[in-house]
Amino acid sequence: MNKPTIVVGAEKEFCFDYLERNAKAIATLNDSIFYFAELGMQEIETSRLMCDLLATAGFSVTRGISGFASGFCATYGSGAPVVAIHTEYDANPDNSQASGVAEQRAIVDGAPGHCEGHNANGAVLVASALAAKAAMDRHGIQGTLKVFGAPAEEQLISRPYFVRDGWFDDVDAAFACHIGPGLAVGYGLIQSALMSATFTFHGETAHAGVAPWKGRDALDGVVLMDMGIAQYREHMLPTMRAQRVITNGGNQPNVIPRTAAVWWMFRDPTAEGVRRLFEQAKKIAEGAALMTNTTVATEIVSAVWPVRGNRTLAELFQREIEMVGPPDWSKEEDDLARAVQARVKVPVEGLKRSIDPLKPAVQKAAANDAGDICWKVPMVKFYFPGSIPNVNFHHWAAGVPLATSIAHKGALAGAKVMAAAILECLKNPAIIAEAKRTFKEEIAGVEYRPLLPADQKPPVDLNRVMMEKFRPLMAKHYLKEKPVFS
């Protein structure tokens with residue numbers, strides 16, 4: 001079948017002019033979210049700002065979708081085709097980092113911070129939506145644009161709920177954006193499936209020095225579960241992963257803990273593989289409870305399918321990427337990147353100036369909660385520049401460029417690519433039709449069965465205590481200037 005062609009015309013020129021004209025607003029939005037630095041489920045200031053900008057521009061905004069206070073769906077237009085764009089905007093704990101300095105320097109010591117660039121994700125999402133909407137108005141382009149704000153990606157939570165609750169039932173194609181070292185897109189399996197759950201053990205208190213034999217130690221259950229999974233690792237496939245943190249280890253040493261809890265994350269390249277790993281972990285937890293005369297309660301926190309990219313949409317994005325091209329980095333920007341690379345002892349290559357050819361993705365052990373969407377509708381995940389090559393996320397060094405001109409230029413480039421792709425899908429029904437055809441071929445033989453339980457409720461209080469502790473200290477650093485798009 002012949003590939004649908006792209007016509008570069010007045011609509012995209014208008015779109016790009018809009019984004020160039022609003023480059024300052026994009027940068028201000030990027031930096032505002034950076035300084036909000038809100039953890040998953042608590043992105044209150046971030047989602048409010050994004051929703052307000054979309055509503056002001058004429059989108060119909062539904063806030064609090066699927067029970068997520070900081071989630072939203074903004075809609076513009078009507079009829080087919082329906083194009084959805086979505087991304088995340090949460091920060092990470094204990095990663096507060098001053099931007100623009102090539103050394104570890106917290107803005108607020110111990111506070112959350114953006115160290116994966118989700119602030120730039122949010123800026124690209126909003127800017128591309130506003131630009132596409134402006135072009136739809138100017139050129140009379142029909143169709144529907146949906147903009148989804150997805151809380152708590154770092155905990156892999158929200159988007160499976162959106163799929164479960166029908167928010168993507170009428171969507172024809174979906175696009176996700178994420179910061180990276182350069183403009184890039186791939187197709188095929190990109191990221192892994194993941195399930196996470198808390199295992200809470202319940203026992204009985206006793207005086208640990210006087211009569212410990214009267215107690216039933218819940219912490220012993222946590223420890224023995226840890227030992228059980230450690231022994232089971234010998235039988236795990238090489239592609240499987242399991243990580244944990246103890247979230248409740250008791251109160252003080254001389255009181256046998258009545259309650260103790262551990263939060264586990266399990267990963268596998270396939271949904272069925274991670275489901276099996278999780279079921280094995282539950283058996284191990286039950287065995288640990290049996291050995292310690294305790295009981296255990298399991299609560300799923302997140303459950304996501306692997307992320308995959310549709311080839312037809314990846315080809316579309318590759319053409320847009322090659323049209324937009326990488327940012328023109330300055331010597332100062334490149335010098336900052338090189339200084340950070342040298343500081344953390346990774347190859348010193350500076351900022352990326354080239355565009356990779358389109359090729360199949362190499363599936364990573366990392367996961368993203370967008371996975372369920374891409375088994376529901378044709379989806380592509382593309383990357384835009386703004387992070388420093390060779391510097392890993394979830395590390396202070398990854399936060400250095402995120403409120404500098406590096407992120408600003410990268411976000412502008414990303415918004416151009418996404419807006420151009422939106423317009424192409426709205427104007428060219430052959431792209432949507434071909435994406436649907438190849439999507440059916442790509443997932444042939446795979447039955448999508450949600451990993452998320454049908455009655456699962458969002459963990460609305462997740463990270464609340466930490467944000468209540470740090471938000472007043474962080475608020476002193478919020479930008480006074482607000483982004484204004486025109």
# chains A, B, ... in the order shown; residues from 1 in each chain; ligands from 1

$ select_by_dssp --residues "region 193-338 of chain A" --states "strand (DSSP E or B)" --output "MDAnalysis selection string"
chainID A and resid 193:202 204 207 216 241:248 255 259:268 295:304 308:309

$ select_by_dssp --residues "region 290-383 of chain A" --states "helix (DSSP H, G or I)" --output "PyMOL selection string"
chain A and resi 290-292+311-324+331-343+373-375

$ closest_residue --among "A:Pro238, A:Thr298, A:Gln252, A:Val460" --to "Glu43 (chain A)" --atoms "only C-alpha atoms"
A:Val460

$ closest_atom_pairs --of "region 169-261 of chain A" --to "region 418-433 of chain A" --cutoff "9 Å" --atoms "only C-alpha atoms" --output "tab-separated table"
residue	atom	partner	partner_atom	distance
A:Asp172	CA	A:Ile432	CA	6.9
A:Ala173	CA	A:Ile432	CA	6.9
A:Phe175	CA	A:Met418	CA	7.9
A:Ala176	CA	A:Met418	CA	8.9
A:Cys177	CA	A:Met418	CA	8.0

$ closest_atom_pairs --of "region 252-305 of chain A" --to "region 365-368 of chain A" --cutoff "10 Å" --atoms "only C-alpha atoms" --output "tab-separated table"
residue	atom	partner	partner_atom	distance
A:Arg267	CA	A:Ala365	CA	7.0
A:Asp268	CA	A:Ala365	CA	7.3
A:Pro269	CA	A:Ala365	CA	7.2
A:Val304	CA	A:Asn368	CA	7.4
A:Trp305	CA	A:Asn368	CA	8.4

$ residues_around --residues "Asn95 (chain A)" --least-positions-apart "5" --cutoff "9 Å" --atoms "only C-alpha atoms" --output "MDAnalysis selection string"
chainID A and resid 106 109:115 394:396 399

$ write_last_selection --atoms "C-alpha atoms" --output "PDB file, in the first residue's frame"
ATOM      1  CA  ALA A 106      19.292  21.916  46.043  1.00  0.00           C
ATOM      2  CA  ASP A 109      17.173  20.647  50.703  1.00  0.00           C
ATOM      3  CA  GLY A 110      15.444  17.263  50.644  1.00  0.00           C
ATOM      4  CA  ALA A 111      12.501  18.538  48.622  1.00  0.00           C
ATOM      5  CA  PRO A 112      11.032  17.064  45.438  1.00  0.00           C
ATOM      6  CA  GLY A 113      12.419  18.222  42.128  1.00  0.00           C
ATOM      7  CA  HIS A 114      12.189  17.645  38.411  1.00  0.00           C
ATOM      8  CA  CYS A 115      14.986  15.313  37.350  1.00  0.00           C
ATOM      9  CA  HIS A 394      16.346  10.446  38.589  1.00  0.00           C
ATOM     10  CA  HIS A 395      19.715  12.046  39.387  1.00  0.00           C
ATOM     11  CA  TRP A 396      20.457  15.639  40.354  1.00  0.00           C
ATOM     12  CA  GLY A 399      17.711  18.568  36.621  1.00  0.00           C
TER      13      GLY A 399
END

$ closest_residue --among "A:Arg353, A:His477, A:Arg63, A:Arg308" --to "Asp334 (chain A)" --atoms "only C-alpha atoms"
A:Arg353

$ closest_residue --among "A:Ser99, A:Ser330, A:Ser128, A:Asn121" --to "Phe16 (chain A)" --atoms "only C-alpha atoms"
A:Ser128

$ residues_around --residues "Pro253 (chain A)" --least-positions-apart "5" --cutoff "10 Å" --atoms "only C-alpha atoms" --output "ChimeraX atom specification"
/A:207-209

$ residues_around --residues "Thr312 (chain A)" --least-positions-apart "2" --cutoff "10 Å" --atoms "only C-alpha atoms" --output "MDAnalysis selection string"
chainID A and resid 3:4 187 309:310 314:318 378:380 431:439

$ closest_residue --among "A:Ala337, A:Val301, A:Ala407, A:Leu156" --to "Pro453 (chain A)" --atoms "only C-alpha atoms"
A:Val301

$ residues_around --residues "Phe470 (chain A)" --least-positions-apart "2" --cutoff "10 Å" --atoms "only C-alpha atoms" --output "list in words"
Glu38, Val108, Asp109, Gly110, Ala111, Pro112, Val465, Met466, Met467, Glu468, Pro472, Leu473, Met474 and Ala475 of chain A

$ write_last_selection --atoms "N, CA and C atoms" --output "compact mmCIF listing (two decimals), in the first residue's frame"
# COMPACT_ATOMS: atom_id res chain seq x y z
N GLU A 38 5.90 19.19 41.76
CA GLU A 38 4.92 18.47 42.56
C GLU A 38 4.99 16.96 42.29
N VAL A 108 15.59 23.55 47.57
CA VAL A 108 15.15 23.32 48.95
C VAL A 108 15.67 21.95 49.34
N ASP A 109 16.51 21.89 50.34
CA ASP A 109 17.17 20.65 50.70
C ASP A 109 16.16 19.56 51.04
N GLY A 110 16.31 18.40 50.39
CA GLY A 110 15.44 17.26 50.64
C GLY A 110 14.11 17.29 49.95
N ALA A 111 13.82 18.37 49.24
CA ALA A 111 12.50 18.54 48.62
C ALA A 111 12.41 17.80 47.29
N PRO A 112 11.19 17.62 46.78
CA PRO A 112 11.03 17.06 45.44
C PRO A 112 11.62 17.99 44.38
N VAL A 465 1.54 13.81 52.27
CA VAL A 465 2.27 14.26 53.46
C VAL A 465 3.58 14.95 53.06
N MET A 466 4.29 14.36 52.10
CA MET A 466 5.56 14.96 51.68
C MET A 466 5.35 16.33 51.05
N MET A 467 4.33 16.46 50.22
CA MET A 467 4.08 17.76 49.61
C MET A 467 3.61 18.79 50.63
N GLU A 468 2.84 18.37 51.60
CA GLU A 468 2.42 19.31 52.65
C GLU A 468 3.62 19.80 53.45
N PRO A 472 5.22 24.66 51.28
CA PRO A 472 5.42 26.05 51.74
C PRO A 472 6.85 26.54 51.52
N LEU A 473 7.83 25.67 51.65
CA LEU A 473 9.22 26.06 51.42
C LEU A 473 9.50 26.25 49.93
N MET A 474 8.92 25.40 49.12
CA MET A 474 9.13 25.49 47.68
C MET A 474 8.39 26.67 47.08
N ALA A 475 7.25 27.06 47.68
CA ALA A 475 6.44 28.15 47.13
C ALA A 475 7.20 29.47 47.08

$ closest_residue --among "A:Asp52, A:Glu153, A:Glu332, A:Asp170" --to "Val83 (chain A)" --atoms "only C-alpha atoms"
A:Asp170

$ residues_around --residues "Ala197 (chain A)" --least-positions-apart "4" --cutoff "9 Å" --atoms "only C-alpha atoms" --output "compact mmCIF listing (two decimals) with C-alpha atoms, in the first residue's frame"
# COMPACT_ATOMS: atom_id res chain seq x y z
CA VAL A 262 6.68 -2.84 51.77
CA TRP A 263 6.08 -1.42 48.29
CA TRP A 264 7.21 -3.67 45.45
CA MET A 265 7.49 -2.98 41.71
CA PHE A 266 7.64 -5.87 39.23
CA PHE A 278 3.10 -10.53 40.66
CA THR A 298 -2.07 -6.75 49.18
CA GLU A 299 -3.11 -3.54 47.43
CA ILE A 300 -2.22 -2.86 43.82
CA VAL A 301 -0.82 0.63 43.23
CA SER A 302 -0.23 0.47 39.48
CA ALA A 303 -0.60 -2.00 36.63

$ closest_residue --among "A:Ala127, A:Ala261, A:Ala74, A:Ala193" --to "Asp217 (chain A)" --atoms "only C-alpha atoms"
A:Ala261
